[in-house]
>>> print(open('target_39.cif').read())   # mmCIF, C-alpha atoms
data_coords
loop_
_atom_site.label_atom_id
_atom_site.label_comp_id
_atom_site.auth_asym_id
_atom_site.auth_seq_id
_atom_site.Cartn_x
_atom_site.Cartn_y
_atom_site.Cartn_z
CA MET A 1 96.83 34.54 143.17
CA ARG A 2 98.66 32.15 140.88
CA LYS A 3 95.34 30.62 139.78
CA VAL A 4 93.93 34.08 139.01
CA LEU A 5 96.95 35.09 136.94
CA ILE A 6 96.95 31.80 135.01
CA ALA A 7 93.17 31.92 134.41
CA HIS A 8 93.53 35.39 132.87
CA ASN A 9 96.79 34.59 131.05
CA ALA A 10 98.01 37.80 132.72
CA LEU A 11 101.32 39.52 132.11
CA PHE A 12 103.10 40.19 135.43
CA LYS A 13 106.45 40.54 137.15
CA VAL A 14 107.76 39.68 140.60
CA PRO A 15 111.16 40.17 142.25
CA ALA A 16 113.57 37.41 141.19
CA ARG A 17 114.79 36.86 144.77
CA LEU A 18 113.37 37.46 148.24
CA GLU A 19 116.26 39.83 149.00
CA PHE A 20 114.98 42.10 146.22
CA LEU A 21 111.57 42.24 147.90
CA ALA A 22 113.19 43.61 151.06
CA THR A 23 114.99 46.25 148.99
CA ILE A 24 111.78 47.24 147.18
CA ASN A 25 109.82 47.53 150.45
CA SER A 26 112.52 49.68 152.05
CA GLY A 27 111.98 52.41 149.47
CA ILE A 28 115.70 53.09 149.27
CA GLY A 29 115.85 52.63 145.50
CA GLN A 30 112.55 54.29 144.56
CA PHE A 31 109.96 55.36 147.10
CA SER A 32 107.17 54.76 144.56
CA GLN A 33 107.97 51.02 144.42
CA ILE A 34 107.20 50.17 148.08
CA GLY A 35 104.80 47.25 148.40
CA LYS A 36 104.94 46.16 144.76
CA PHE A 37 105.80 42.50 145.20
CA LEU A 38 103.65 41.64 142.18
CA THR A 39 102.94 43.99 139.27
CA VAL A 40 100.30 43.01 136.71
CA TYR A 41 100.19 44.55 133.22
CA PRO A 42 96.63 44.28 131.88
CA ARG A 43 96.06 44.53 128.14
CA SER A 44 92.79 46.45 128.43
CA THR A 45 90.60 48.32 130.88
CA THR A 46 88.16 45.39 130.98
CA GLU A 47 90.99 42.99 131.87
CA ALA A 48 92.33 45.42 134.50
CA VAL A 49 88.95 45.63 136.26
CA ALA A 50 88.42 41.83 136.13
CA LEU A 51 91.94 41.12 137.44
CA ALA A 52 91.64 43.67 140.24
CA ARG A 53 88.34 42.13 141.37
CA ALA A 54 89.72 38.58 141.25
CA LEU A 55 93.01 39.49 142.97
CA HIS A 56 91.14 41.42 145.66
CA THR A 57 89.00 38.36 146.37
CA ALA A 58 92.04 36.04 146.38
CA THR A 59 93.97 38.27 148.83
CA ARG A 60 91.09 39.26 151.12
CA GLY A 61 92.28 39.38 154.73
CA LEU A 62 95.98 39.70 153.86
CA ARG A 63 98.03 42.68 155.05
CA GLY A 64 100.75 44.63 153.34
CA PRO A 65 102.37 48.04 153.07
CA GLU A 66 100.60 50.93 151.41
CA ILE A 67 101.85 51.72 147.92
CA PRO A 68 102.67 55.43 148.09
CA PHE A 69 101.36 56.86 144.82
CA ASP A 70 98.89 54.20 143.69
CA ALA A 71 95.15 54.09 144.41
CA ARG A 72 93.79 51.33 146.65
CA TYR A 73 91.26 49.13 144.83
CA ARG A 74 88.91 48.84 147.84
CA ARG A 75 89.05 49.67 151.55
CA ASN A 76 91.33 47.20 153.39
CA SER A 77 92.55 45.71 150.09
CA VAL A 78 96.18 44.92 149.25
CA VAL A 79 95.38 45.50 145.56
CA TYR A 80 96.43 48.90 144.19
CA TYR A 81 96.41 50.42 140.71
CA ARG A 82 97.77 53.29 138.69
CA TYR A 83 97.66 54.39 135.07
CA GLY A 84 101.16 54.93 133.80
CA ALA A 85 103.67 54.77 131.00
CA PHE A 86 105.72 51.70 130.22
CA ARG A 87 109.41 52.40 130.18
CA ASN A 88 111.02 51.17 126.96
CA SER A 89 114.80 51.37 126.83
CA LYS A 90 114.70 51.17 123.01
CA LYS A 91 112.70 54.40 122.76
CA SER A 92 114.30 57.79 123.16
CA ALA A 93 114.79 59.12 126.68
CA ARG A 94 112.55 62.04 125.73
CA LEU A 95 109.55 59.71 125.44
CA ALA A 96 110.22 57.82 128.67
CA GLY A 97 107.57 58.52 131.27
CA GLU A 98 105.18 60.31 128.93
CA LEU A 99 101.50 59.60 128.40
CA ILE A 100 99.24 60.62 125.54
CA ASP A 101 96.10 62.34 126.87
CA ASP A 102 92.57 62.15 125.47
CA LYS A 103 93.32 65.02 123.06
CA GLY A 104 96.51 63.43 121.70
CA ARG A 105 98.91 65.68 123.68
CA ARG A 106 102.00 64.40 125.47
CA CYS A 107 101.96 64.77 129.24
CA GLN A 108 104.24 63.67 132.04
CA ASP A 109 103.55 60.38 133.86
CA ARG A 110 103.56 61.82 137.40
CA ARG A 111 104.38 59.34 140.14
CA ALA A 112 103.06 61.42 142.99
CA ALA A 113 100.14 61.45 145.41
CA GLY A 114 96.84 62.06 143.66
CA TYR A 115 98.06 61.06 140.18
CA ALA A 116 97.29 57.31 140.04
CA VAL A 117 94.65 58.10 137.43
CA PRO A 118 95.23 61.16 135.23
CA ARG A 119 92.51 63.80 135.54
CA TRP A 120 91.59 63.41 131.87
CA LEU A 121 90.64 59.72 132.35
CA VAL A 122 87.54 58.22 133.91
CA ASP A 123 88.67 55.91 136.73
CA PRO A 124 87.37 52.44 135.72
CA PHE A 125 87.63 51.25 139.34
CA GLN A 126 85.32 53.91 140.79
CA ARG A 127 82.16 52.56 142.31
CA ALA A 128 79.22 54.39 143.80
CA ASP A 129 79.08 52.22 146.95
CA ALA A 130 80.80 52.82 150.28
CA THR A 131 83.41 50.05 149.92
CA ARG A 132 85.67 52.28 147.83
CA ALA A 133 88.72 53.56 149.72
CA LYS A 134 88.42 57.23 150.53
CA PRO A 135 91.13 59.55 149.23
CA PHE A 136 93.61 60.80 151.81
CA SER A 137 92.43 63.82 153.75
CA SER A 138 94.33 65.83 156.31
CA ARG A 139 93.14 64.96 159.79
CA GLY A 140 94.67 64.17 163.14
CA LEU A 141 97.68 65.88 164.64
CA ILE A 142 99.72 66.28 161.48
CA GLY A 143 96.77 67.60 159.47
CA THR A 144 95.51 70.15 162.00
CA ASP A 145 98.46 71.18 164.16
CA TYR A 146 101.40 70.76 161.80
CA LEU A 147 101.99 72.06 158.32
CA VAL A 148 104.49 69.76 156.59
CA PHE A 149 106.45 71.57 153.89
CA ARG A 150 109.38 69.26 153.06
CA ALA A 151 110.13 65.55 153.15
CA ILE A 152 113.69 64.97 154.31
CA VAL A 153 113.60 61.16 153.99
CA GLN A 154 110.96 58.74 152.68
CA ARG A 155 111.27 55.01 153.31
CA GLY A 156 108.89 52.11 153.50
CA LYS A 157 108.93 52.18 157.29
CA GLY A 158 108.25 55.90 157.53
CA GLY A 159 109.43 59.38 156.79
CA VAL A 160 111.11 62.41 158.32
CA TYR A 161 109.63 65.83 157.55
CA GLU A 162 110.18 69.50 158.22
CA ALA A 163 107.01 71.19 159.42
CA VAL A 164 105.60 74.25 161.14
CA ASP A 165 103.95 73.59 164.50
CA LEU A 166 100.75 75.69 164.48
CA SER A 167 99.61 74.54 167.93
CA VAL A 168 101.79 77.15 169.68
CA SER A 169 102.18 80.88 169.38
CA PRO A 170 104.42 81.93 167.85
CA ALA A 171 104.53 79.00 165.40
CA ARG A 172 107.80 77.08 165.39
CA LEU A 173 109.77 74.87 163.00
CA VAL A 174 109.80 71.18 163.94
CA ILE A 175 110.96 67.81 162.64
CA ILE A 176 108.32 65.07 162.45
CA LYS A 177 109.18 61.37 162.31
CA GLU A 178 106.46 59.13 160.91
CA GLY A 179 106.15 55.36 161.27
CA ARG A 180 104.22 53.33 158.70
CA ARG A 181 102.55 50.08 159.69
CA GLU A 182 103.93 47.15 157.69
CA GLY A 183 106.14 49.61 155.85
CA GLU A 184 109.08 47.26 155.45
CA THR A 185 107.41 43.88 155.75
CA ALA A 186 109.81 41.03 155.04
CA TRP A 187 108.97 37.97 152.95
CA ASP A 188 108.12 36.03 156.14
CA GLY A 189 105.58 38.65 157.29
CA ARG A 190 107.76 40.34 159.92
CA ASP A 191 107.34 44.11 160.02
#
>>> encode(input="target_39.cif", output="structure tokens")
Amino acid sequence: MRKVLIAHNALFKVPARLEFLATINSGIGQFSQIGKFLTVYPRSTTEAVALARALHTATRGLRGPEIPFDARYRRNSVVYYRYGAFRNSKKSARLAGELIDDKGRRCQDRRAAGYAVPRWLVDPFQRADATRAKPFSSRGLIGTDYLVFRAIVQRGKGGVYEAVDLSVSPARLVIIKEGRREGETAWDGRD
């Protein structure tokens, strides 16, 4: 990865200490930061696409936690992306977290599922072939038998949710505990 970043003269950040990586992957500070051990700031769409391709190739076969609100570059990749605002402490708080859409209007930078690329942008990473990661779809026990309506806790290693169990009659309220593979992976690869 170092060679890729140097070859592209890329702007990036990493945690200053390994202890910070554990904190980031726990999700205690901000759930949206899980898995972001390296964040690259491309200067253009062309550079973003080239860097994603090169980083995907350099990290092929590696494992890591899913990044909650970012889009996966390709199936089984540890490279993720999102289009978002840069936070600038010198600007007013009113402008923090805002994007300018294709019509020049201010809109909120939403860090939530399904908002990695704003709807008014064409996703530069989309490809027509089958290697592209499929968007999340409800399937399995949680998607068919349980209707989740509130997250109680979200961490890197999993979550706790309130849900309605639709598999019984009458339906009943339940608590669901979820485990995420590699959700709090340490610097030495232990999950």
>>> closest_residue(input="target_39.cif", among="A:Val160, A:Val79, A:Ile175, A:Ile6", to="A:Val49", atoms="all atoms listed in the file")
A:Val79
>>> residues_around(input="target_39.cif", residues="A:Arg180", least_positions_apart="6", cutoff="8 Å", atoms="all atoms listed in the file", output="list in words")
Pro65, Gly156, Lys157 and Gly158 of chain A
>>> closest_residue(input="target_39.cif", among="A:Gln33, A:Met1, A:Glu66, A:Asp109", to="A:Pro15", atoms="all atoms listed in the file")
A:Gln33
>>> residues_around(input="target_39.cif", residues="A:Cys107", least_positions_apart="4", cutoff="9 Å", atoms="all atoms listed in the file", output="list in words")
Gly97, Glu98, Leu99, Ile100 and Asp101 of chain A
>>> atom_distance(input="target_39.cif", atom1="atom CA of A:His56", atom2="atom CA of A:Phe12")
15.8 Å
